[in-house]
Amino acid sequence: MMVLAGPGSGKTAVITRRVLELTKQGVAPGNILVITFTKAAATEMQERYERLQQEEAGNAPSGRVNFGTFHAVFFKILKYAYHWDASNIIREEASNQLLSDLIRKLDMEIEDEREFIDGIRSEISKIKSERIDINTYYSMNCPEEQFQRIYLEYTNKMRQQRLIDFDDILLYTYELLTKRSEILKLWQEKYQYILIDEFQDINRIQYDIIRLLALPQNNLFIVGDDDQSIYQFRGARPEIMLNFPKDYPTAQQVLLNYNYRSQKEIVTAAGRLIGNNEKRFAKEILATKPAGAPVFTEKFPTQEEEGERIIELIRKYKAREIPYKEMAVLFRTNTQARRVMGKLLSYNIPFQMRDVVPNLFDHWIAKNIITYIKLAMGSRDRGLMLQIMNRPNRYLARETLQEPTVDFNKWKWLYRDRDWMVERIDKLEYDLEVLAKTNPYAAINYIRRGIGYDEYLQQYAEYRRMKPEDLLEIVTELQESARDFETFEEWFAYMEEYKRELERQKEQREQRNIDGVMLATMHSSKGLEYEVVILPDVNEGIIPYKRAVSPEELEEERRMYYVAMTRAKQYLHVFSVMRLHGKEMEMSRYVGEMSLAPEELLPGTHVSHVSFGKGIVIARDKDRARIYFSSLDEEKLIHLEACRKNNVLKIE
């Protein structure tokens, strides 16, 4: 059976109730397997089931139902076959060290080793989980020859040390069950009833293993929502759920289409939005709560005004006795949280963060910029000079700096027979003198354009197969963070305060029941709910994200926005900005999609236009509508796609 469970429809209750009913009908608890995607979800579901079992014990047989994640269940299978234990699973630090050693062995010039290792590990994961041939794989992080060497040496070293990672758990389980029929039969007899939560997040190899285990009875009960599949970057394949009825033609389908969480205006807007996706099960989600406030959309000249409005709203709702913890600000990327976090700090409003926000000032680009400034402030530390003397490349040799303190005159004397090298050192000395006389914002501008750091970033991006704008965005954000400070000392003091706050948030993350505004990414907000949700920076290039170009990627971005919208119970605020980092910004296409579905514009429908006021639809064809506006006392032919793009027409 496939259960399509819309947002706020109570899918966890469906699984726990189903398990109890199975046991009441005589199924041995030990023959039931419930799989979730996270340890926390598995624990919560087990606790809920055990509470339900105590309340309605009836004639249910005693015994323990198997609850676990894919990895936990599959590792159990491997443990019995190969006598492995937890010590065989490589720790993240050991994996990092192994990859770091391989990078050094290959003599690769990598500025951002931590990010590079994360990227490489993600690619290794993809190859294993999708069983891709390494010889035909095109790496996104480095040349193929280098990637293949890293991959092969990494996997060989793991085998030599009898170590496996989380992707190996899946790969080895699949290989074991396909090659050893007697072992497969043993586990098929053990797990006769399989229930899977959040099925929309399953990847190919997980599904292939489950299909093997479910044979021959195929007692598979899957619960999920194809409209909430947002983990493609982790290997999730929404098409697996979409094709489930083809794989199991006799499977029944049930739709849980009542949203018990959000009020009607939010459910309607979310339904309009997700209806624009083509690859989905058609469904209409209905609200059990009556209509409340409309979905508020606002546009601001800059992020500064947007931030002030966020503070104003939080204070307003707090005055209405809505606790801070019932308010959330949700972002497309974790780096967006920095500005709002700074605002909340300055207004002394408590908050909590669901994600680890990388410290902007720890980024290697920021470290380079800060090093230039420290040298401009008078430091002549050799370590600092080595860090930036060839960024951009001046072709200065490390060996020419032997003393712990740099003396420019001695340095130039070493190059006395090469005038062009002396000129480069002269220019570097002059640049540092210029920087010393500026404020932080102007200093970064000079480093970027006067010294040529932007050009250096573009060259590095080409070497690393990155988009130059991704690196330029970091340095732009750093420059924006410096705008409000007159001196380097003030800016450095702010960096320290920011670092302390991030550490405090890290300590707080494990604590519960803190009354603070939640800052979270759209990804990590899935499964949560709040009275008030604010979505800032809903602009093209942010949501949908600039890297999303294919129809599949754009549909995933729309699903992510749908997930964010449906976290709200009563109040949903959608904000966009006109300018960001000095660039003109367009409002996201999703804002118009949630406000207007052309098929709703039937003759007689009451509408409201930003410029023309209230009106009534007279007629509509595919992409245009003829509307009578009472304030003008005339009819106008309205182009619907333009209205959606600019969010100027709404149904009353």
# chains A, B, ... in the order shown; residues from 1 in each chain; ligands from 1
>>> select_by_dssp(residues="segment 5-222 of chain A", states="alpha helix (DSSP H)", output="MDAnalysis selection string")
chainID A and resid 11:24 39:55 70:82 92:105 113:129 144:160 166:179 181:190 204:214
>>> closest_residue(among="A:Glu189, A:Glu56, A:Asp225, A:Glu298", to="Asp537 of chain A", atoms="only C-alpha atoms")
A:Glu298
>>> select_by_dssp(residues="segment 210-267 of chain A", states="strand (DSSP E)", output="mmCIF file with C-alpha atoms, in the first residue's frame")
data_model
loop_
_atom_site.group_PDB
_atom_site.id
_atom_site.type_symbol
_atom_site.label_atom_id
_atom_site.label_comp_id
_atom_site.auth_asym_id
_atom_site.auth_seq_id
_atom_site.Cartn_x
_atom_site.Cartn_y
_atom_site.Cartn_z
ATOM 1 C CA LEU A 220 5.274 -3.196 1.783
ATOM 2 C CA PHE A 221 3.485 -0.249 3.403
ATOM 3 C CA ILE A 222 4.994 3.088 2.373
ATOM 4 C CA VAL A 223 4.044 6.528 3.641
ATOM 5 C CA GLY A 224 5.268 9.790 2.160
ATOM 6 C CA GLN A 253 -3.344 3.929 -2.747
ATOM 7 C CA VAL A 254 -4.711 6.071 0.054
ATOM 8 C CA LEU A 255 -4.607 9.868 0.145
ATOM 9 C CA LEU A 256 -4.440 11.694 3.491
ATOM 10 C CA TYR A 258 -6.582 16.905 5.306
ATOM 11 C CA ASN A 259 -4.058 19.381 6.683
ATOM 12 C CA TYR A 260 -4.653 19.716 10.443
ATOM 13 C CA ARG A 261 -1.815 22.229 10.866
ATOM 14 C CA SER A 262 -2.270 25.287 8.659
ATOM 15 C CA GLN A 263 -5.226 27.621 8.242
#
>>> residues_around(residues="Glu130 of chain A", least_positions_apart="2", cutoff="8 Å", atoms="only C-alpha atoms", output="JSON list (two decimals) with N, CA and C atoms, in the first residue's frame")
[["chain", "number", "residue", "atom", "x", "y", "z"],
["A", 126, "LYS", "N", 27.82, 9.52, -3.96],
["A", 126, "LYS", "CA", 26.93, 9.40, -5.12],
["A", 126, "LYS", "C", 27.30, 8.19, -5.97],
["A", 127, "ILE", "N", 28.60, 7.98, -6.20],
["A", 127, "ILE", "CA", 29.07, 6.86, -7.01],
["A", 127, "ILE", "C", 28.65, 5.53, -6.40],
["A", 128, "LYS", "N", 28.77, 5.45, -5.06],
["A", 128, "LYS", "CA", 28.42, 4.20, -4.38],
["A", 128, "LYS", "C", 26.91, 3.98, -4.35],
["A", 132, "ILE", "N", 27.60, 3.94, -9.86],
["A", 132, "ILE", "CA", 28.10, 4.55, -11.10],
["A", 132, "ILE", "C", 29.50, 3.99, -11.40],
["A", 204, "ARG", "N", 18.18, 5.09, -4.67],
["A", 204, "ARG", "CA", 18.07, 3.91, -5.52],
["A", 204, "ARG", "C", 18.52, 2.62, -4.82],
["A", 205, "ILE", "N", 19.67, 2.63, -4.17],
["A", 205, "ILE", "CA", 20.19, 1.39, -3.57],
["A", 205, "ILE", "C", 19.35, 0.97, -2.36],
["A", 235, "GLY", "N", 20.93, 12.21, -2.66],
["A", 235, "GLY", "CA", 20.66, 10.99, -3.42],
["A", 235, "GLY", "C", 19.20, 10.58, -3.48]]
>>> residues_around(residues="Asp201 of chain A", least_positions_apart="3", cutoff="9 Å", atoms="only C-alpha atoms", output="PDB file with C-alpha atoms, in the first residue's frame")
ATOM      1  CA  PHE A  37      15.493   8.186   7.840  1.00  0.00           C
ATOM      2  CA  GLU A 198       9.178   9.543   4.490  1.00  0.00           C
ATOM      3  CA  GLY A 224       5.268   9.790   2.160  1.00  0.00           C
ATOM      4  CA  ASP A 226       6.094  13.290  -3.281  1.00  0.00           C
ATOM      5  CA  GLN A 228       7.957  17.123   0.011  1.00  0.00           C
ATOM      6  CA  SER A 229      10.900  15.346  -1.621  1.00  0.00           C
ATOM      7  CA  ILE A 230      13.720  17.873  -1.068  1.00  0.00           C
ATOM      8  CA  TYR A 231      16.878  15.803  -0.582  1.00  0.00           C
ATOM      9  CA  GLN A 232      18.048  15.162  -4.123  1.00  0.00           C
ATOM     10  CA  ARG A 234      21.708  13.442  -0.748  1.00  0.00           C
ATOM     11  CA  GLY A 235      20.662  10.985  -3.416  1.00  0.00           C
ATOM     12  CA  ALA A 236      16.878  10.986  -2.835  1.00  0.00           C
ATOM     13  CA  ARG A 237      14.983  10.151  -6.022  1.00  0.00           C
ATOM     14  CA  PRO A 238      11.341  11.347  -6.054  1.00  0.00           C
ATOM     15  CA  MET A 241       7.776   7.001  -5.275  1.00  0.00           C
TER      16      MET A 241
END
>>> closest_residue(among="A:Thr521, A:Asp431, A:Glu50, A:Gly541", to="Tyr446 of chain A", atoms="only C-alpha atoms")
A:Asp431
>>> closest_residue(among="A:Leu20, A:Ile451, A:Met353, A:Ala482", to="Ile514 of chain A", atoms="only C-alpha atoms")
A:Met353
>>> atom_distance(atom1="atom CA of Glu44 of chain A", atom2="atom CA of Glu507 of chain A")
22.6 Å
>>> closest_residue(among="A:Gly592, A:Asp362, A:Leu286, A:Leu519", to="Arg114 of chain A", atoms="only C-alpha atoms")
A:Asp362
>>> residues_around(residues="Asn368 of chain A", least_positions_apart="5", cutoff="9 Å", atoms="only C-alpha atoms", output="list in words")
His363, Ile373, Leu384, Gln387, Ile388 and Arg391 of chain A
>>> closest_residue(among="A:Val610, A:Leu170, A:Ile638, A:Leu401", to="Asp623 of chain A", atoms="only C-alpha atoms")
A:Ile638
